[in-house]
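Quick look at final-v9.pdb (PDB, C-alpha atoms):
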```pdb
ATOM      1  CA  MET N   1     149.546  15.124  76.584
ATOM      2  CA  LEU N   2     148.234  12.174  78.587
ATOM      3  CA  ALA N   3     145.187  14.228  79.536
ATOM      4  CA  LEU N   4     144.473  14.908  75.860
ATOM      5  CA  ALA N   5     144.797  11.228  75.028
ATOM      6  CA  LEU N   6     142.445  10.292  77.866
ATOM      7  CA  ALA N   7     139.955  12.968  76.872
ATOM      8  CA  SER N   8     140.046  11.725  73.294
ATOM      9  CA  ALA N   9     139.388   8.174  74.388
ATOM     10  CA  CYS N  10     136.439   9.211  76.537
ATOM     11  CA  SER N  11     134.549  11.652  74.321
ATOM     12  CA  PRO N  12     130.973  10.342  74.158
ATOM     13  CA  GLY N  13     129.813  11.774  70.839
ATOM     14  CA  ALA N  14     132.357  11.007  68.142
ATOM     15  CA  PRO N  15     133.837   7.714  66.962
ATOM     16  CA  PRO N  16     137.416   7.440  68.316
ATOM     17  CA  ASN N  17     139.219   7.864  64.993
ATOM     18  CA  GLU N  18     137.062  10.889  64.071
ATOM     19  CA  ASP N  19     137.518  12.356  67.542
ATOM     20  CA  VAL N  20     141.317  12.205  67.208
ATOM     21  CA  SER N  21     141.282  13.729  63.699
ATOM     22  CA  ILE N  22     139.027  16.599  64.737
ATOM     23  CA  ARG N  23     141.057  17.317  67.884
ATOM     24  CA  LYS N  24     144.290  17.313  65.881
ATOM     25  CA  GLN N  25     142.843  19.787  63.364
ATOM     26  CA  LEU N  26     141.626  22.192  66.056
ATOM     27  CA  MET N  27     144.711  21.875  68.267
ATOM     28  CA  SER N  28     147.112  22.559  65.399
ATOM     29  CA  THR N  29     145.161  25.680  64.463
ATOM     30  CA  TRP N  30     144.281  27.313  67.787
ATOM     31  CA  SER N  31     146.069  25.797  70.774
ATOM     32  CA  SER N  32     149.166  27.455  72.214
ATOM     33  CA  ALA N  33     151.140  27.379  75.451
ATOM     34  CA  GLU N  34     149.604  30.728  76.406
ATOM     35  CA  ALA N  35     146.060  29.668  75.505
ATOM     36  CA  PRO N  36     145.674  25.892  75.709
ATOM     37  CA  LEU N  37     142.592  24.554  73.982
ATOM     38  CA  THR N  38     140.108  22.194  75.614
ATOM     39  CA  ILE N  39     137.936  20.344  73.096
ATOM     40  CA  ASP N  40     134.994  18.388  74.449
ATOM     41  CA  PRO N  41     132.477  17.144  73.524
ATOM     42  CA  ILE N  42     132.637  16.394  69.831
ATOM     43  CA  VAL N  43     129.594  15.031  68.010
ATOM     44  CA  VAL N  44     129.533  13.640  64.479
ATOM     45  CA  ALA N  45     126.711  12.995  62.013
ATOM     46  CA  GLY N  46     127.693  11.869  58.551
ATOM     47  CA  ASP N  47     130.420  14.142  57.226
ATOM     48  CA  HIS N  48     129.607  16.943  59.687
ATOM     49  CA  ALA N  49     130.696  17.543  63.260
ATOM     50  CA  VAL N  50     130.339  20.096  66.020
ATOM     51  CA  ALA N  51     133.186  20.471  68.501
ATOM     52  CA  ASP N  52     132.879  22.464  71.726
ATOM     53  CA  TRP N  53     136.074  24.328  72.585
ATOM     54  CA  THR N  54     137.323  26.565  75.345
ATOM     55  CA  GLN N  55     140.496  28.418  76.169
ATOM     56  CA  PRO N  56     141.233  30.126  79.510
ATOM     57  CA  THR N  57     138.975  33.144  78.890
ATOM     58  CA  VAL N  58     137.008  32.369  75.710
ATOM     59  CA  GLY N  59     135.111  29.553  74.073
ATOM     60  CA  GLY N  60     132.733  28.575  71.326
ATOM     61  CA  ARG N  61     131.759  25.795  69.004
ATOM     62  CA  ALA N  62     133.179  24.794  65.628
ATOM     63  CA  LEU N  63     131.241  23.292  62.738
ATOM     64  CA  LEU N  64     133.434  20.962  60.718
ATOM     65  CA  TYR N  65     133.004  19.154  57.415
ATOM     66  CA  ARG N  66     134.864  16.031  56.302
ATOM     67  CA  HIS N  67     136.098  16.200  52.719
ATOM     68  CA  GLU N  68     138.371  13.529  51.257
ATOM     69  CA  ASN N  69     138.887  12.017  54.735
ATOM     70  CA  GLN N  70     140.095  15.301  56.218
ATOM     71  CA  TRP N  71     138.168  17.532  58.624
ATOM     72  CA  HIS N  72     137.886  21.245  57.818
ATOM     73  CA  VAL N  73     136.494  23.987  60.051
ATOM     74  CA  VAL N  74     133.577  25.615  58.251
ATOM     75  CA  LEU N  75     132.643  28.178  60.872
ATOM     76  CA  CYS N  76     132.828  29.086  64.538
ATOM     77  CA  ALA N  77     129.941  30.353  66.650
ATOM     78  CA  GLY N  78     128.521  30.174  70.147
ATOM     79  CA  ASP N  79     125.095  28.857  71.046
ATOM     80  CA  ALA N  80     123.944  29.217  67.415
ATOM     81  CA  LEU N  81     125.527  25.835  66.675
ATOM     82  CA  LYS N  82     123.219  24.161  69.185
ATOM     83  CA  ASP N  83     120.271  24.938  66.909
ATOM     84  CA  ALA N  84     119.310  22.560  64.085
ATOM     85  CA  GLN N  85     117.922  25.424  61.956
ATOM     86  CA  GLN N  86     121.205  27.358  62.259
ATOM     87  CA  LEU N  87     123.159  24.235  61.328
ATOM     88  CA  GLU N  88     120.912  23.738  58.316
ATOM     89  CA  SER N  89     121.291  27.371  57.249
ATOM     90  CA  SER N  90     125.051  26.813  57.499
ATOM     91  CA  GLY N  91     124.810  24.087  54.871
ATOM     92  CA  VAL N  92     124.245  20.933  56.922
ATOM     93  CA  PRO N  93     121.489  18.721  55.440
ATOM     94  CA  ALA N  94     118.299  18.923  57.547
ATOM     95  CA  ALA N  95     118.383  15.360  58.915
ATOM     96  CA  LEU N  96     122.054  15.648  59.868
ATOM     97  CA  ALA N  97     121.453  19.080  61.411
ATOM     98  CA  ARG N  98     118.748  17.611  63.654
ATOM     99  CA  GLU N  99     121.008  14.676  64.546
ATOM    100  CA  LEU N 100     123.938  16.969  65.421
ATOM    101  CA  ALA N 101     121.757  19.254  67.546
ATOM    102  CA  SER N 102     120.293  16.274  69.401
ATOM    103  CA  LYS N 103     123.670  14.634  70.003
ATOM    104  CA  LEU N 104     125.176  17.935  71.141
ATOM    105  CA  ALA N 105     122.334  18.592  73.588
ATOM    106  CA  GLN N 106     122.857  15.131  75.081
ATOM    107  CA  ALA N 107     126.652  15.422  75.232
ATOM    108  CA  GLU N 108     126.558  18.897  76.784
ATOM    109  CA  LYS N 109     124.597  17.602  79.780
ATOM    110  CA  ALA N 110     127.997  16.552  81.171
ATOM    111  CA  VAL N 111     129.636  19.964  80.554
ATOM    112  CA  SER N 112     130.094  22.352  83.479
ATOM    113  CA  THR N 113     127.997  25.513  83.577
ATOM    114  CA  GLU N 114     131.226  27.566  83.582
ATOM    115  CA  ARG N 115     132.391  26.021  80.277
ATOM    116  CA  LEU N 116     128.910  26.337  78.767
ATOM    117  CA  ALA N 117     128.949  30.048  79.655
ATOM    118  CA  ARG N 118     132.358  30.499  77.986
ATOM    119  CA  MET N 119     131.102  28.781  74.824
ATOM    120  CA  ALA N 120     127.939  30.907  74.845
ATOM    121  CA  SER N 121     130.087  34.050  75.042
ATOM    122  CA  PHE N 122     131.230  33.631  71.413
ATOM    123  CA  ARG N 123     129.324  36.305  69.506
ATOM    124  CA  GLY N 124     128.278  36.015  65.902
ATOM    125  CA  VAL N 125     129.081  33.421  63.279
ATOM    126  CA  VAL N 126     132.556  33.498  61.755
ATOM    127  CA  ARG N 127     133.079  31.602  58.503
ATOM    128  CA  MET N 128     136.457  29.908  58.360
ATOM    129  CA  ASP N 129     136.335  28.247  54.943
ATOM    130  CA  GLN N 130     137.188  29.893  51.651
ATOM    131  CA  HIS N 131     134.620  27.988  49.642
ATOM    132  CA  GLU N 132     131.260  26.324  50.146
ATOM    133  CA  THR N 133     131.953  23.088  52.032
ATOM    134  CA  ALA N 134     129.176  22.471  54.514
ATOM    135  CA  GLY N 135     126.401  21.369  52.180
ATOM    136  CA  HIS N 136     128.536  19.960  49.396
ATOM    137  CA  ALA N 137     125.984  19.559  46.663
ATOM    138  CA  GLU N 138     128.508  17.438  44.771
TER
END
```

Same coordinates, now as structure tokens:
Amino acid sequence: MLALALASACSPGAPPNEDVSIRKQLMSTWSSAEAPLTIDPIVVAGDHAVADWTQPTVGGRALLYRHENQWHVVLCAGDALKDAQQLESSGVPAALARELASKLAQAEKAVSTERLARMASFRGVVRMDQHETAGHAE
């Protein structure tokens, strides 16, 4: 638990309170004793975020959307979420998509090649939300 707290405090891309909220959401959904989840880095732009995640044998990236001060996973993918055009086609406004892609590219410079390979191994794009949340044309 101390390691998680330290990792949360040191994540370069997300503001500390957002980082903790996003980690909590992902950990409560996918982490288990048999398959502990590592989440790092997390980048945030506006009400959108991308979180890199790995477990012992798999990995990927999650696109999240903040609605009413709560983060929701919109979709999971691999390298597709590194691309601003893919983020935009997933409902992220163009300027925020470019910002997320840029921040993620910078943050991932500190990620090991082994973890990057695990995240790249996620195939396809899996929608996790039941309704349109990413673009929110409210």

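Minimum distance to N:Leu116 across N:Val58, N:Leu87, N:Ala94, N:Ile42 (counting all atoms listed in the file) occurs at N:Val58.
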
- Please indicate the distance in Å from atom CA of N:Trp53 to atom CA of N:Asn69, rounded to one decimal place.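 According to the coordinates, atom CA of N:Trp53 and atom CA of N:Asn69 are separated by 21.9 Å.
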
- Query: What separation in Å, quoted to one decimal, exists between atom CA of N:Met27 and atom CA of N:Ile39?
  - Reply: 8.5 Å

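If all atoms listed in the file are the atoms counted, then among N:Leu64, N:Val111, N:Ala84, N:Val73 the closest residue to N:Val44 is N:Leu64.
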
- Message: Nearest residue to N:Ser89 out of N:Met119, N:Leu75, N:Ala45, N:Leu104, using all atoms listed in the file?
- Response: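 Nearest candidate to N:Ser89 out of N:Met119, N:Leu75, N:Ala45, N:Leu104: N:Leu75.
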
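Counting all atoms listed in the file and comparing N:Ala107, N:Gln55, N:Trp71, N:Ala33, the residue that lies closest to N:Ser21 is N:Trp71.
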
- Task: Step by step, work through what the PyMOL selection byres ((chain N and resi 118) around 10) selects in the shown file, and finish by giving those residues as a ChimeraX atom specification.
- Result: /N:53-60,78,113-117,119-122

- Query: Residues picked by the PyMOL selection byres ((chain N and resi 102) around 12) here, as a ChimeraX atom specification?
  - Reply: /N:13,43-45,50,81-84,87,95-101,103-109

- Message: Quick check, in Å to one decimal: how far apart do atom CA of N:Arg66 and atom CA of N:Asp79 lie?
- Response: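 For atom CA of N:Arg66 relative to atom CA of N:Asp79, the distance reads 21.8 Å.
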
- Compare N:Thr38, N:Gln25, N:Ser32, N:Gln85 by their minimum atom-to-atom distance to N:His72, counting all atoms listed in the file, and give me the closest one.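 For N:His72, the nearest of the given residues is N:Gln25.
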
Do you know which residues lie at most 6 Å from (130.4, 22.8, 64.3), with coordinates as in the file and only C-alpha atoms counted, and could you write them as a tab-separated table (two decimals) with C-alpha atoms, in the coordinates of the input?
```tsv
chain	number	residue	atom	x	y	z
N	49	ALA	CA	130.70	17.54	63.26
N	50	VAL	CA	130.34	20.10	66.02
N	51	ALA	CA	133.19	20.47	68.50
N	61	ARG	CA	131.76	25.80	69.00
N	62	ALA	CA	133.18	24.79	65.63
N	63	LEU	CA	131.24	23.29	62.74
N	64	LEU	CA	133.43	20.96	60.72
```

- Which one is closest to N:Lys24: N:Gln70, N:Asp47, N:Ser90, N:Met128? Count all atoms listed in the file.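 With all atoms listed in the file as the atom set, the closest residue is N:Gln70.
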